[in-house]
file entry11.txt (compact mmCIF, C-alpha atoms (C1' of nucleotides))
# COMPACT_ATOMS: atom_id res chain seq x y z
CA MET F 1 -24.32 280.82 64.09
CA GLY F 2 -24.08 277.28 62.77
CA ARG F 3 -24.29 274.10 64.75
CA PRO F 4 -22.59 274.49 68.13
CA LYS F 5 -19.71 272.26 69.17
CA SER F 6 -20.85 269.25 71.15
CA PHE F 7 -17.75 269.27 73.33
CA GLU F 8 -15.47 271.50 75.32
CA PRO F 9 -12.22 271.82 73.34
CA ASP F 10 -10.16 272.10 76.50
CA VAL F 11 -11.59 268.87 77.82
CA VAL F 12 -10.85 267.08 74.57
CA ILE F 13 -7.30 268.44 74.56
CA ALA F 14 -6.85 267.22 78.10
CA GLN F 15 -8.05 263.76 77.14
CA ALA F 16 -5.78 263.76 74.11
CA MET F 17 -2.88 264.81 76.34
CA GLU F 18 -3.48 261.85 78.63
CA THR F 19 -3.51 259.49 75.68
CA PHE F 20 -0.36 260.89 74.08
CA TRP F 21 1.31 260.84 77.46
CA THR F 22 0.39 257.24 78.16
CA LYS F 23 1.00 255.75 74.73
CA GLY F 24 3.44 258.12 73.05
CA TYR F 25 2.91 260.14 69.90
CA ALA F 26 3.51 257.51 67.23
CA ASP F 27 1.55 254.85 69.06
CA THR F 28 -1.52 257.01 69.38
CA SER F 29 -3.73 256.61 66.34
CA PRO F 30 -6.59 258.86 65.32
CA ALA F 31 -8.85 255.98 66.28
CA ASP F 32 -7.32 255.97 69.77
CA LEU F 33 -7.95 259.68 70.08
CA ALA F 34 -11.53 259.28 68.91
CA GLU F 35 -12.12 256.61 71.52
CA ALA F 36 -10.40 258.54 74.30
CA THR F 37 -12.35 261.69 73.61
CA GLY F 38 -15.64 260.08 72.63
CA ILE F 39 -15.69 262.10 69.44
CA GLY F 40 -15.72 260.96 65.83
CA LYS F 41 -12.44 261.03 63.94
CA GLY F 42 -13.89 263.44 61.43
CA SER F 43 -14.83 265.92 64.14
CA LEU F 44 -11.37 265.82 65.59
CA TYR F 45 -9.87 266.66 62.23
CA HIS F 46 -12.49 269.31 61.66
CA SER F 47 -11.66 270.99 64.95
CA PHE F 48 -7.93 270.46 65.26
CA GLY F 49 -6.61 270.06 61.75
CA SER F 50 -4.24 267.16 62.21
CA LYS F 51 -2.86 264.75 64.74
CA ARG F 52 0.28 266.84 64.98
CA GLU F 53 -1.65 270.04 65.66
CA LEU F 54 -3.75 268.40 68.33
CA PHE F 55 -0.55 267.16 69.89
CA ALA F 56 0.83 270.69 69.92
CA ARG F 57 -2.25 271.82 71.83
CA ALA F 58 -1.85 268.92 74.24
CA LEU F 59 1.78 269.78 74.80
CA ASP F 60 0.88 273.37 75.46
CA LEU F 61 -1.68 272.31 78.03
CA TYR F 62 0.92 270.09 79.65
CA ASP F 63 3.27 273.02 79.87
CA ARG F 64 0.77 275.33 81.52
CA THR F 65 -0.45 272.67 83.93
CA ALA F 66 3.05 271.67 84.93
CA ALA F 67 4.13 275.24 85.52
CA GLU F 68 1.09 275.86 87.66
CA VAL F 69 1.58 272.75 89.78
CA THR F 70 5.27 273.44 90.21
CA GLU F 71 4.82 277.02 91.22
CA GLU F 72 2.10 276.19 93.67
CA PHE F 73 4.00 273.29 95.16
CA LEU F 74 7.28 275.11 95.62
CA ALA F 75 5.49 277.98 97.31
CA ARG F 76 4.00 275.91 100.12
CA PRO F 77 5.43 276.37 103.61
CA GLY F 78 8.84 274.88 104.32
CA THR F 79 12.48 275.50 103.60
CA THR F 80 13.70 275.64 100.02
CA LYS F 81 15.34 272.28 100.33
CA GLU F 82 12.26 270.72 101.87
CA ARG F 83 10.03 272.05 99.13
CA ILE F 84 12.31 270.94 96.32
CA ARG F 85 12.69 267.57 97.89
CA ALA F 86 8.93 267.22 98.27
CA TYR F 87 8.48 268.24 94.65
CA PHE F 88 10.96 265.67 93.36
CA VAL F 89 9.37 262.98 95.48
CA LEU F 90 5.95 263.97 94.21
CA LEU F 91 6.92 263.57 90.58
CA VAL F 92 8.75 260.30 91.08
CA ASP F 93 5.92 258.85 93.11
CA MET F 94 3.31 259.91 90.59
CA ASP F 95 5.24 258.10 87.91
CA LEU F 96 5.48 254.97 89.98
CA ASP F 97 1.89 255.00 91.16
CA GLY F 98 0.36 254.94 87.69
CA PRO F 99 -0.40 251.72 85.83
CA VAL F 100 2.33 252.57 83.31
CA ARG F 101 5.49 254.54 83.87
CA ARG F 102 4.86 257.28 81.40
CA GLY F 103 7.53 259.69 82.66
CA CYS F 104 7.46 263.32 81.60
CA LEU F 105 5.55 264.17 78.44
CA ALA F 106 8.04 266.87 77.51
CA GLN F 107 11.01 264.54 77.79
CA ASN F 108 9.20 261.79 75.95
CA THR F 109 8.41 264.27 73.21
CA VAL F 110 11.93 265.50 72.71
CA SER F 111 13.09 261.91 72.73
CA GLU F 112 10.53 260.70 70.22
CA LEU F 113 10.17 263.73 67.96
CA GLY F 114 13.14 265.96 68.69
CA ARG F 115 15.25 264.65 65.86
CA ARG F 116 12.77 265.50 63.13
CA ASP F 117 10.46 268.11 64.61
CA GLU F 118 12.04 271.44 65.39
CA GLN F 119 8.82 272.88 66.70
CA ALA F 120 8.54 270.13 69.27
CA THR F 121 12.12 270.70 70.32
CA ARG F 122 11.53 274.41 70.76
CA ALA F 123 8.39 273.77 72.78
CA VAL F 124 10.26 271.47 75.14
CA ARG F 125 13.11 273.91 75.42
CA ARG F 126 10.66 276.62 76.46
CA MET F 127 9.20 274.37 79.14
CA GLU F 128 12.64 273.58 80.48
CA GLU F 129 13.55 277.26 80.61
CA ARG F 130 10.35 277.89 82.49
CA MET F 131 11.11 275.22 85.05
CA ILE F 132 14.61 276.55 85.47
CA GLY F 133 13.15 279.99 86.04
CA LEU F 134 10.88 278.65 88.77
CA PHE F 135 13.75 276.85 90.47
CA THR F 136 15.92 279.93 90.24
CA ALA F 137 13.23 282.07 91.81
CA ARG F 138 12.68 279.60 94.63
CA LEU F 139 16.40 279.41 95.35
CA GLN F 140 16.68 283.16 95.40
CA GLN F 141 13.78 283.35 97.76
CA GLY F 142 15.63 280.85 99.93
CA GLN F 143 18.64 283.11 99.89
CA ARG F 144 16.51 286.00 101.08
CA ASP F 145 14.89 283.77 103.72
CA GLY F 146 18.30 282.63 104.84
CA ASP F 147 17.86 278.90 104.22
CA ILE F 148 20.11 278.89 101.13
CA ASP F 149 23.73 280.00 101.06
CA ARG F 150 23.99 283.52 99.63
CA ALA F 151 27.14 282.55 97.75
CA LEU F 152 25.29 280.01 95.66
CA ASP F 153 24.81 280.74 91.96
CA ALA F 154 21.05 280.29 91.84
CA ARG F 155 20.83 280.01 88.09
CA ALA F 156 23.59 277.39 87.90
CA GLN F 157 21.99 275.43 90.69
CA ALA F 158 18.60 275.63 88.98
CA LEU F 159 20.11 274.25 85.77
CA PHE F 160 21.53 271.41 87.80
CA LEU F 161 18.20 270.72 89.47
CA GLN F 162 16.39 270.61 86.14
CA THR F 163 18.99 268.18 84.85
CA ALA F 164 18.80 266.00 87.93
CA LEU F 165 15.03 265.94 87.67
CA ALA F 166 15.21 264.92 84.04
CA GLY F 167 17.59 262.16 85.01
CA LEU F 168 15.33 261.01 87.81
CA ARG F 169 12.43 260.70 85.46
CA VAL F 170 14.51 258.56 83.16
CA MET F 171 15.61 256.39 86.07
CA ALA F 172 12.00 256.15 87.21
CA LYS F 173 11.32 254.05 84.12
CA THR F 174 13.49 251.23 85.37
CA PHE F 175 14.23 251.63 89.09
CA ASP F 176 12.04 251.38 92.15
CA ARG F 177 10.96 253.77 94.82
CA PRO F 178 13.58 253.29 97.52
CA VAL F 179 16.44 253.68 95.05
CA LEU F 180 14.89 256.77 93.52
CA HIS F 181 14.31 258.36 96.91
CA GLN F 182 17.90 257.66 97.82
CA ILE F 183 19.02 259.37 94.63
CA ILE F 184 16.92 262.39 95.50
CA ASP F 185 18.67 262.60 98.85
CA THR F 186 22.09 262.40 97.26
CA THR F 187 21.09 265.01 94.69
CA LEU F 188 19.97 267.51 97.28
CA ALA F 189 22.71 266.82 99.82
CA GLY F 190 24.61 269.90 98.69
CA LEU F 191 21.81 272.40 99.28
CA MET A 1 27.04 223.66 53.36
CA GLY A 2 24.54 225.80 51.49
CA ARG A 3 25.14 229.23 50.09
CA PRO A 4 27.33 231.31 52.38
CA LYS A 5 26.20 234.63 53.81
CA SER A 6 27.28 237.57 51.75
CA PHE A 7 27.70 239.83 54.77
CA GLU A 8 29.16 239.93 58.23
CA PRO A 9 26.22 239.81 60.68
CA ASP A 10 28.07 241.97 63.19
CA VAL A 11 28.60 244.66 60.59
CA VAL A 12 24.96 244.62 59.62
CA ILE A 13 23.93 244.83 63.26
CA ALA A 14 26.23 247.79 63.73
CA GLN A 15 24.69 249.55 60.73
CA ALA A 16 21.22 248.78 62.00
CA MET A 17 22.21 250.16 65.41
CA GLU A 18 23.28 253.44 63.85
CA THR A 19 20.01 253.72 61.99
CA PHE A 20 17.84 252.93 65.00
CA TRP A 21 19.89 255.34 67.07
CA THR A 22 19.58 258.14 64.56
CA LYS A 23 15.94 257.74 63.59
CA GLY A 24 14.35 255.91 66.51
CA TYR A 25 12.70 252.51 66.47
CA ALA A 26 9.29 253.36 65.05
CA ASP A 27 10.69 255.67 62.42
CA THR A 28 13.05 253.06 61.07
CA SER A 29 11.30 250.99 58.41
CA PRO A 30 12.51 247.68 57.01
CA ALA A 31 13.22 249.61 53.82
CA ASP A 32 15.47 251.99 55.79
CA LEU A 33 17.34 249.06 57.25
CA ALA A 34 17.76 247.47 53.85
CA GLU A 35 19.19 250.68 52.49
CA ALA A 36 21.46 251.27 55.49
CA THR A 37 22.87 247.77 55.38
CA GLY A 38 22.88 247.33 51.62
CA ILE A 39 20.98 244.09 51.97
CA GLY A 40 17.59 243.11 50.62
CA LYS A 41 14.64 243.21 52.98
CA GLY A 42 14.05 239.51 52.47
CA SER A 43 17.58 238.69 53.53
CA LEU A 44 17.27 240.75 56.66
CA TYR A 45 14.13 238.91 57.68
CA HIS A 46 15.70 235.62 56.77
CA SER A 47 18.71 236.31 58.99
CA PHE A 48 17.20 238.20 61.87
CA GLY A 49 13.58 237.17 62.06
CA SER A 50 11.92 240.52 62.64
CA LYS A 51 12.56 244.18 63.04
CA ARG A 52 12.18 243.81 66.78
CA GLU A 53 14.72 240.99 66.97
CA LEU A 54 17.24 242.90 64.92
CA PHE A 55 16.71 245.82 67.26
CA ALA A 56 17.41 243.60 70.24
CA ARG A 57 20.71 242.61 68.66
CA ALA A 58 21.51 246.26 67.98
CA LEU A 59 20.71 247.20 71.56
CA ASP A 60 22.93 244.44 72.82
CA LEU A 61 25.80 245.67 70.67
CA TYR A 62 25.22 249.17 71.99
CA ASP A 63 25.43 247.86 75.53
CA ARG A 64 28.70 246.04 74.98
CA THR A 65 30.27 248.92 73.08
CA ALA A 66 29.22 251.48 75.67
CA ALA A 67 30.53 249.40 78.55
CA GLU A 68 33.84 248.95 76.79
CA VAL A 69 34.27 252.64 76.02
CA THR A 70 33.28 253.65 79.53
CA GLU A 71 35.59 251.24 81.24
CA GLU A 72 38.50 252.20 79.04
CA PHE A 73 37.87 255.90 79.42
CA LEU A 74 37.50 255.91 83.19
CA ALA A 75 40.71 253.92 83.56
CA ARG A 76 42.93 256.45 81.82
CA PRO A 77 45.37 258.44 83.97
CA GLY A 78 43.96 261.20 86.15
CA THR A 79 42.01 261.64 89.35
CA THR A 80 38.57 260.11 89.67
CA LYS A 81 36.91 263.46 89.35
CA GLU A 82 38.96 264.37 86.29
CA ARG A 83 38.13 261.10 84.58
CA ILE A 84 34.42 261.31 85.30
CA ARG A 85 34.35 264.88 84.19
CA ALA A 86 36.15 264.01 80.96
CA TYR A 87 33.72 261.15 80.38
CA PHE A 88 30.65 263.36 80.84
CA VAL A 89 32.14 265.98 78.55
CA LEU A 90 32.92 263.33 75.97
CA LEU A 91 29.35 262.09 75.82
CA VAL A 92 27.80 265.52 75.74
CA ASP A 93 30.18 266.69 73.05
CA MET A 94 29.61 263.62 70.93
CA ASP A 95 25.89 264.31 71.03
CA LEU A 96 26.38 267.90 70.02
CA ASP A 97 28.90 267.21 67.28
CA GLY A 98 26.68 264.89 65.28
CA PRO A 99 24.32 266.14 62.59
CA VAL A 100 21.37 265.14 64.79
CA ARG A 101 21.17 265.04 68.55
CA ARG A 102 20.38 261.41 68.96
CA GLY A 103 21.13 261.16 72.67
CA CYS A 104 21.59 257.78 74.29
CA LEU A 105 20.09 254.80 72.51
CA ALA A 106 19.23 253.10 75.78
CA GLN A 107 17.34 256.12 77.09
CA ASN A 108 15.61 256.63 73.78
CA THR A 109 14.58 253.01 73.85
CA VAL A 110 13.07 253.06 77.31
CA SER A 111 11.31 256.27 76.41
CA GLU A 112 9.89 254.97 73.15
CA LEU A 113 9.27 251.32 73.97
CA GLY A 114 9.40 251.05 77.75
CA ARG A 115 5.68 251.32 78.22
CA ARG A 116 4.80 248.34 76.05
CA ASP A 117 7.96 246.28 75.81
CA GLU A 118 9.12 244.67 79.01
CA GLN A 119 12.09 243.09 77.36
CA ALA A 120 13.37 246.46 76.21
CA THR A 121 12.88 247.85 79.70
CA ARG A 122 14.84 245.01 81.23
CA ALA A 123 17.65 245.43 78.71
CA VAL A 124 17.96 249.11 79.55
CA ARG A 125 17.85 248.38 83.24
CA ARG A 126 20.72 245.96 82.84
CA MET A 127 22.76 248.58 81.01
CA GLU A 128 22.10 251.12 83.72
CA GLU A 129 23.14 248.66 86.42
CA ARG A 130 26.30 248.01 84.49
CA MET A 131 27.13 251.70 84.25
CA ILE A 132 26.46 252.14 87.94
CA GLY A 133 28.79 249.25 88.63
CA LEU A 134 31.54 250.90 86.61
CA PHE A 135 31.06 254.22 88.40
CA THR A 136 31.05 252.49 91.76
CA ALA A 137 34.28 250.68 90.97
CA ARG A 138 35.97 253.87 89.81
CA LEU A 139 34.89 255.73 92.93
CA GLN A 140 36.15 252.94 95.15
CA GLN A 141 39.43 252.99 93.32
CA GLY A 142 39.52 256.72 93.98
CA GLN A 143 39.00 256.03 97.65
CA ARG A 144 41.95 253.65 97.64
CA ASP A 145 44.01 256.17 95.69
CA GLY A 146 43.04 258.87 98.13
CA ASP A 147 41.40 261.27 95.71
CA ILE A 148 37.89 260.48 96.92
CA ASP A 149 36.64 260.86 100.48
CA ARG A 150 36.62 257.48 102.24
CA ALA A 151 33.36 258.39 103.96
CA LEU A 152 31.51 258.61 100.67
CA ASP A 153 28.91 255.95 99.88
CA ALA A 154 30.28 254.89 96.51
CA ARG A 155 27.16 253.06 95.41
CA ALA A 156 24.88 255.97 96.30
CA GLN A 157 27.18 258.38 94.52
CA ALA A 158 27.30 256.12 91.46
CA LEU A 159 23.51 256.05 91.33
CA PHE A 160 23.55 259.81 91.45
CA LEU A 161 26.13 260.03 88.67
CA GLN A 162 24.11 257.73 86.42
CA THR A 163 21.05 259.86 87.06
CA ALA A 164 22.90 263.08 86.37
CA LEU A 165 24.29 261.64 83.17
CA ALA A 166 20.84 260.60 82.05
CA GLY A 167 19.63 264.11 82.77
CA LEU A 168 22.52 265.64 80.87
CA ARG A 169 21.70 263.60 77.83
CA VAL A 170 18.14 264.81 77.97
CA MET A 171 19.30 268.39 78.34
CA ALA A 172 21.70 267.89 75.44
CA LYS A 173 18.68 267.65 73.17
CA THR A 174 17.78 271.28 73.75
CA PHE A 175 20.67 273.17 75.33
CA ASP A 176 24.06 274.16 74.00
CA ARG A 177 27.60 273.31 74.91
CA PRO A 178 28.53 276.05 77.39
CA VAL A 179 25.40 275.49 79.44
CA LEU A 180 25.92 271.74 79.47
CA HIS A 181 29.52 272.08 80.52
CA GLN A 182 28.47 274.38 83.29
CA ILE A 183 25.96 271.80 84.47
CA ILE A 184 28.68 269.15 84.49
CA ASP A 185 30.76 271.37 86.74
CA THR A 186 27.90 271.91 89.13
CA THR A 187 27.14 268.20 89.15
CA LEU A 188 30.67 267.21 90.05
CA ALA A 189 31.34 270.05 92.48
CA GLY A 190 30.71 267.77 95.42
CA LEU A 191 33.29 265.14 94.55
C1' DC B 1 27.85 216.71 37.58
C1' DT B 2 23.73 216.03 40.71
C1' DG B 3 21.22 216.77 44.70
C1' DA B 4 20.70 218.83 49.12
C1' DT B 5 20.98 222.98 51.50
C1' DT B 6 21.11 227.74 52.48
C1' DT B 7 21.04 232.59 51.06
C1' DT B 8 19.34 236.40 48.07
C1' DA B 9 16.26 239.91 46.40
C1' DG B 10 12.55 241.96 45.02
C1' DA B 11 7.69 241.22 43.95
C1' DC B 12 3.70 240.57 46.56
C1' DC B 13 0.34 240.67 50.47
C1' DT B 14 -2.34 242.50 54.47
C1' DG B 15 -3.68 245.72 57.61
C1' DC B 16 -3.89 249.95 59.42
C1' DA B 17 -2.45 255.03 60.03
C1' DG B 18 -3.70 259.46 58.80
C1' DT B 19 -6.72 262.07 56.29
C1' DT B 20 -10.65 263.57 53.36
C1' DC B 21 -15.39 263.51 52.14
C1' DA B 22 -20.34 263.42 51.73
C1' DA B 23 -24.61 263.51 53.74
C1' DG B 24 -27.13 264.72 57.49
C1' DA B 25 -28.02 267.40 62.06
C1' DA B 26 -28.24 271.49 64.91
C1' DT B 27 -28.12 276.12 65.34
C1' DT B 28 -28.97 281.62 64.11
C1' DC B 29 -30.77 285.09 61.19
C1' DG B 30 -34.27 287.33 58.53
C1' DC W 1 -40.27 278.78 58.08
C1' DG W 2 -36.23 278.77 54.81
C1' DA W 3 -31.51 279.93 54.08
C1' DA W 4 -27.00 280.08 55.57
C1' DT W 5 -23.66 278.27 58.45
C1' DT W 6 -21.11 275.22 61.25
C1' DC W 7 -20.59 270.77 63.29
C1' DT W 8 -20.87 265.41 63.31
C1' DT W 9 -19.91 260.95 61.80
C1' DG W 10 -18.76 256.87 59.67
C1' DA W 11 -17.47 255.42 55.15
C1' DA W 12 -13.96 255.76 51.77
C1' DC W 13 -9.27 256.66 50.11
C1' DT W 14 -4.09 256.46 49.79
C1' DG W 15 0.19 255.13 51.08
C1' DC W 16 3.26 252.65 53.44
C1' DA W 17 4.91 249.55 57.36
C1' DG W 18 6.00 245.04 58.39
C1' DG W 19 6.33 240.72 56.84
C1' DT W 20 6.00 236.46 53.50
C1' DC W 21 7.16 234.02 49.39
C1' DT W 22 9.18 232.36 45.30
C1' DA W 23 12.55 231.59 41.97
C1' DA W 24 17.17 231.95 41.19
C1' DA W 25 22.08 231.74 42.96
C1' DA W 26 25.83 229.85 45.54
C1' DT W 27 27.89 226.52 48.08
C1' DC W 28 29.28 221.35 49.57
C1' DA W 29 28.85 216.20 49.73
C1' DG W 30 29.08 212.21 47.07
call {"tool": "encode", "arguments": {"input": "entry11.txt", "output": "structure tokens"}}
result
Amino acid sequence: MGRPKSFEPDVVIAQAMETFWTKGYADTSPADLAEATGIGKGSLYHSFGSKRELFARALDLYDRTAAEVTEEFLARPGTTKERIRAYFVLLVDMDLDGPVRRGCLAQNTVSELGRRDEQATRAVRRMEERMIGLFTARLQQGQRDGDIDRALDARAQALFLQTALAGLRVMAKTFDRPVLHQIIDTTLAGL
Amino acid sequence: MGRPKSFEPDVVIAQAMETFWTKGYADTSPADLAEATGIGKGSLYHSFGSKRELFARALDLYDRTAAEVTEEFLARPGTTKERIRAYFVLLVDMDLDGPVRRGCLAQNTVSELGRRDEQATRAVRRMEERMIGLFTARLQQGQRDGDIDRALDARAQALFLQTALAGLRVMAKTFDRPVLHQIIDTTLAGL
DNA sequence: CTGATTTTAGACCTGCAGTTCAAGAATTCG
DNA sequence: CGAATTCTTGAACTGCAGGTCTAAAATCAG
């Protein structure tokens, strides 16, 4: 019983995620969150406890969404190399198409909070492991399909891909599309 | 005439740089800077104008120092691949050896301030271009020396190396030494 | 030594971030 | 319908970030 919530928590978390992603953690004030979600500050605190806790929920949503998109995208028809290339291009282009180059929320988080927030660091580490797992699986599938060399160490290559992707998303903050696409080509030349 | 400064500006800027690097821009308060430099807040503002301006000076010092170290390190005896490998290992190990994993100040800056501070973005872009220039030069030297394939596009490869290095420094926030060294090997396998 | 000039340092100021609170509103149960 | 419960909201609170200011201190020119 009691008065029912006037909002869908998942929707609010998604809106908070967008705000944190666009502005960064420190630069997002409770007032910003209230405006972005259309909910009073008090309600936010009532429902989510603190800015930091709401951020944790947002980060978790980011994780699940990213994993879903990645998995789906890598599974579409095409060779392993084609799919990975398309995925890298997708992410870089999304960054460049937005009004601000917000990069990857996970990377931004570890960069902004990693030094003083162990929980944030662990969360990002989990996401990275997950991505590496997805890359590994796709590479192994490629080995079964015959479009990836059987001698390749899939796990090592997946670690490299995750690193290259992280680097690309850093470079996407300062460089432009043609350069970034060229880097993607160089990165994947060995596959 | 007038009362002479009681400190060496370059020393103060270096101390400020360390603090910004370790704690991040937003998390460094004027009080922190006063403590780190041993100078009163008032004096800092008198000499440097604002926190943001002092940061710009710190970032500039970082740039010059980094360029110097890189150039010197890549020029030491050894093949191109050996020198680049040693350089990557150096940076990763330095990150891991410190009490906090502070990463690269330039990357941290573009991540924290890039969205709202064009000047910071441009400064980081300049540093990246500089690094790419150094990598390009070293690769071209390798081509003259005969330890790098003449057919290689040095500029494209340098862009890739800068990207990979950026990625490594992101990964160095969450992963441990053996993994990072393995990634370095994978990254440089093609050279 | 005096006056002009520049630096020093910490007290002081302003605004806002992050959070709590109080009073009212919407719901279920009996 | 009244009681119990949960949610809503803007006002109110606390602390500190970032910056200014003032009075004293240190120098040099004359």
call {"tool": "closest_atom_pairs", "arguments": {"input": "entry11.txt", "of": "chain F", "to": "chain A", "cutoff": "6 Å", "atoms": "only C-alpha atoms", "output": "CSV"}}
result
residue,atom,partner,partner_atom,distance
F:Asn108,CA,A:Ser111,CA,5.9
F:Ser111,CA,A:Asn108,CA,5.9
F:Arg125,CA,A:Thr174,CA,5.6
F:Phe160,CA,A:Ile183,CA,5.6
F:Thr163,CA,A:Gly167,CA,4.6
F:Ala164,CA,A:Ala164,CA,5.3
F:Ala166,CA,A:Gly167,CA,4.7
F:Gly167,CA,A:Gly167,CA,3.6
F:Leu168,CA,A:Thr163,CA,5.9
F:Thr174,CA,A:Arg125,CA,5.6
F:Ile183,CA,A:Phe160,CA,5.6
call {"tool": "interface_residues", "arguments": {"input": "entry11.txt", "of": "chain F", "to": "chain B", "cutoff": "10 Å", "atoms": "all atoms listed in the file", "output": "list of chain:residue names"}}
result
F:Met1, F:Gly2, F:Arg3, F:Pro4, F:Lys5, F:Ser6, F:Ala26, F:Asp27, F:Thr28, F:Ser29, F:Pro30, F:Ala31, F:Lys41, F:Gly42, F:Tyr45, F:Gly49, F:Ser50, F:Lys51
call {"tool": "write_last_selection", "arguments": {"input": "entry11.txt", "atoms": "C-alpha atoms", "output": "PDB file, in the coordinates of the input"}}
result
ATOM      1  CA  MET F   1     -24.320 280.820  64.090  1.00  0.00           C
ATOM      2  CA  GLY F   2     -24.080 277.280  62.770  1.00  0.00           C
ATOM      3  CA  ARG F   3     -24.290 274.100  64.750  1.00  0.00           C
ATOM      4  CA  PRO F   4     -22.590 274.490  68.130  1.00  0.00           C
ATOM      5  CA  LYS F   5     -19.710 272.260  69.170  1.00  0.00           C
ATOM      6  CA  SER F   6     -20.850 269.250  71.150  1.00  0.00           C
ATOM      7  CA  ALA F  26       3.510 257.510  67.230  1.00  0.00           C
ATOM      8  CA  ASP F  27       1.550 254.850  69.060  1.00  0.00           C
ATOM      9  CA  THR F  28      -1.520 257.010  69.380  1.00  0.00           C
ATOM     10  CA  SER F  29      -3.730 256.610  66.340  1.00  0.00           C
ATOM     11  CA  PRO F  30      -6.590 258.860  65.320  1.00  0.00           C
ATOM     12  CA  ALA F  31      -8.850 255.980  66.280  1.00  0.00           C
ATOM     13  CA  LYS F  41     -12.440 261.030  63.940  1.00  0.00           C
ATOM     14  CA  GLY F  42     -13.890 263.440  61.430  1.00  0.00           C
ATOM     15  CA  TYR F  45      -9.870 266.660  62.230  1.00  0.00           C
ATOM     16  CA  GLY F  49      -6.610 270.060  61.750  1.00  0.00           C
ATOM     17  CA  SER F  50      -4.240 267.160  62.210  1.00  0.00           C
ATOM     18  CA  LYS F  51      -2.860 264.750  64.740  1.00  0.00           C
TER      19      LYS F  51
END
call {"tool": "atom_distance", "arguments": {"input": "entry11.txt", "atom1": "C1' of DG10 in chain W", "atom2": "CA of Met17 in chain F"}}
result
24.4 Å
call {"tool": "atom_distance", "arguments": {"input": "entry11.txt", "atom1": "CA of Thr37 in chain A", "atom2": "CA of Phe55 in chain A"}}
result
13.5 Å
call {"tool": "interface_residues", "arguments": {"input": "entry11.txt", "of": "chain W", "to": "chain A", "cutoff": "9 Å", "atoms": "all atoms listed in the file", "output": "compact mmCIF listing (two decimals) with C-alpha atoms (C1' of nucleotides), in the coordinates of the input"}}
result
# COMPACT_ATOMS: atom_id res chain seq x y z
C1' DA W 17 4.91 249.55 57.36
C1' DG W 18 6.00 245.04 58.39
C1' DG W 19 6.33 240.72 56.84
C1' DT W 20 6.00 236.46 53.50
C1' DA W 25 22.08 231.74 42.96
C1' DA W 26 25.83 229.85 45.54
C1' DT W 27 27.89 226.52 48.08
C1' DC W 28 29.28 221.35 49.57
C1' DA W 29 28.85 216.20 49.73
call {"tool": "axis_aligned_box", "arguments": {"input": "entry11.txt", "around": "range 111-125 of chain A", "padding_each_side": "5 Å", "output": "lines of an AutoDock Vina configuration file"}}
result
center_x = 11.4
center_y = 249.7
center_z = 78.2
size_x = 23.2
size_y = 23.2
size_z = 20.1
call {"tool": "atom_distance", "arguments": {"input": "entry11.txt", "atom1": "CA of Asp93 in chain F", "atom2": "CA of Thr136 in chain F"}}
result
23.5 Å
call {"tool": "build_atoms", "arguments": {"input": "entry11.txt", "residues": "range 40-50 of chain A", "atoms": "N, CA and C atoms", "output": "PDB file, in the coordinates of the input"}}
result
ATOM      1  N   GLY A  40      19.011 243.160  50.932  1.00  0.00           N
ATOM      2  CA  GLY A  40      17.590 243.110  50.620  1.00  0.00           C
ATOM      3  C   GLY A  40      16.751 242.855  51.862  1.00  0.00           C
ATOM      4  N   LYS A  41      15.546 243.395  51.848  1.00  0.00           N
ATOM      5  CA  LYS A  41      14.640 243.210  52.980  1.00  0.00           C
ATOM      6  C   LYS A  41      14.471 241.735  53.316  1.00  0.00           C
ATOM      7  N   GLY A  42      14.243 240.948  52.273  1.00  0.00           N
ATOM      8  CA  GLY A  42      14.050 239.510  52.470  1.00  0.00           C
ATOM      9  C   GLY A  42      15.192 238.878  53.230  1.00  0.00           C
ATOM     10  N   SER A  43      16.406 239.254  52.858  1.00  0.00           N
ATOM     11  CA  SER A  43      17.580 238.690  53.530  1.00  0.00           C
ATOM     12  C   SER A  43      17.610 239.069  55.005  1.00  0.00           C
ATOM     13  N   LEU A  44      17.269 240.308  55.273  1.00  0.00           N
ATOM     14  CA  LEU A  44      17.270 240.750  56.660  1.00  0.00           C
ATOM     15  C   LEU A  44      16.305 239.899  57.481  1.00  0.00           C
ATOM     16  N   TYR A  45      15.120 239.708  56.945  1.00  0.00           N
ATOM     17  CA  TYR A  45      14.130 238.910  57.680  1.00  0.00           C
ATOM     18  C   TYR A  45      14.580 237.459  57.784  1.00  0.00           C
ATOM     19  N   HIS A  46      15.206 236.987  56.729  1.00  0.00           N
ATOM     20  CA  HIS A  46      15.700 235.620  56.770  1.00  0.00           C
ATOM     21  C   HIS A  46      16.746 235.454  57.876  1.00  0.00           C
ATOM     22  N   SER A  47      17.606 236.430  58.024  1.00  0.00           N
ATOM     23  CA  SER A  47      18.710 236.310  58.990  1.00  0.00           C
ATOM     24  C   SER A  47      18.335 236.697  60.413  1.00  0.00           C
ATOM     25  N   PHE A  48      17.437 237.665  60.534  1.00  0.00           N
ATOM     26  CA  PHE A  48      17.200 238.200  61.870  1.00  0.00           C
ATOM     27  C   PHE A  48      15.775 238.027  62.383  1.00  0.00           C
ATOM     28  N   GLY A  49      14.906 237.508  61.563  1.00  0.00           N
ATOM     29  CA  GLY A  49      13.580 237.170  62.060  1.00  0.00           C
ATOM     30  C   GLY A  49      12.565 238.292  61.995  1.00  0.00           C
ATOM     31  N   SER A  50      12.863 239.402  62.638  1.00  0.00           N
ATOM     32  CA  SER A  50      11.920 240.520  62.640  1.00  0.00           C
ATOM     33  C   SER A  50      12.653 241.802  62.960  1.00  0.00           C
TER      34      SER A  50
END
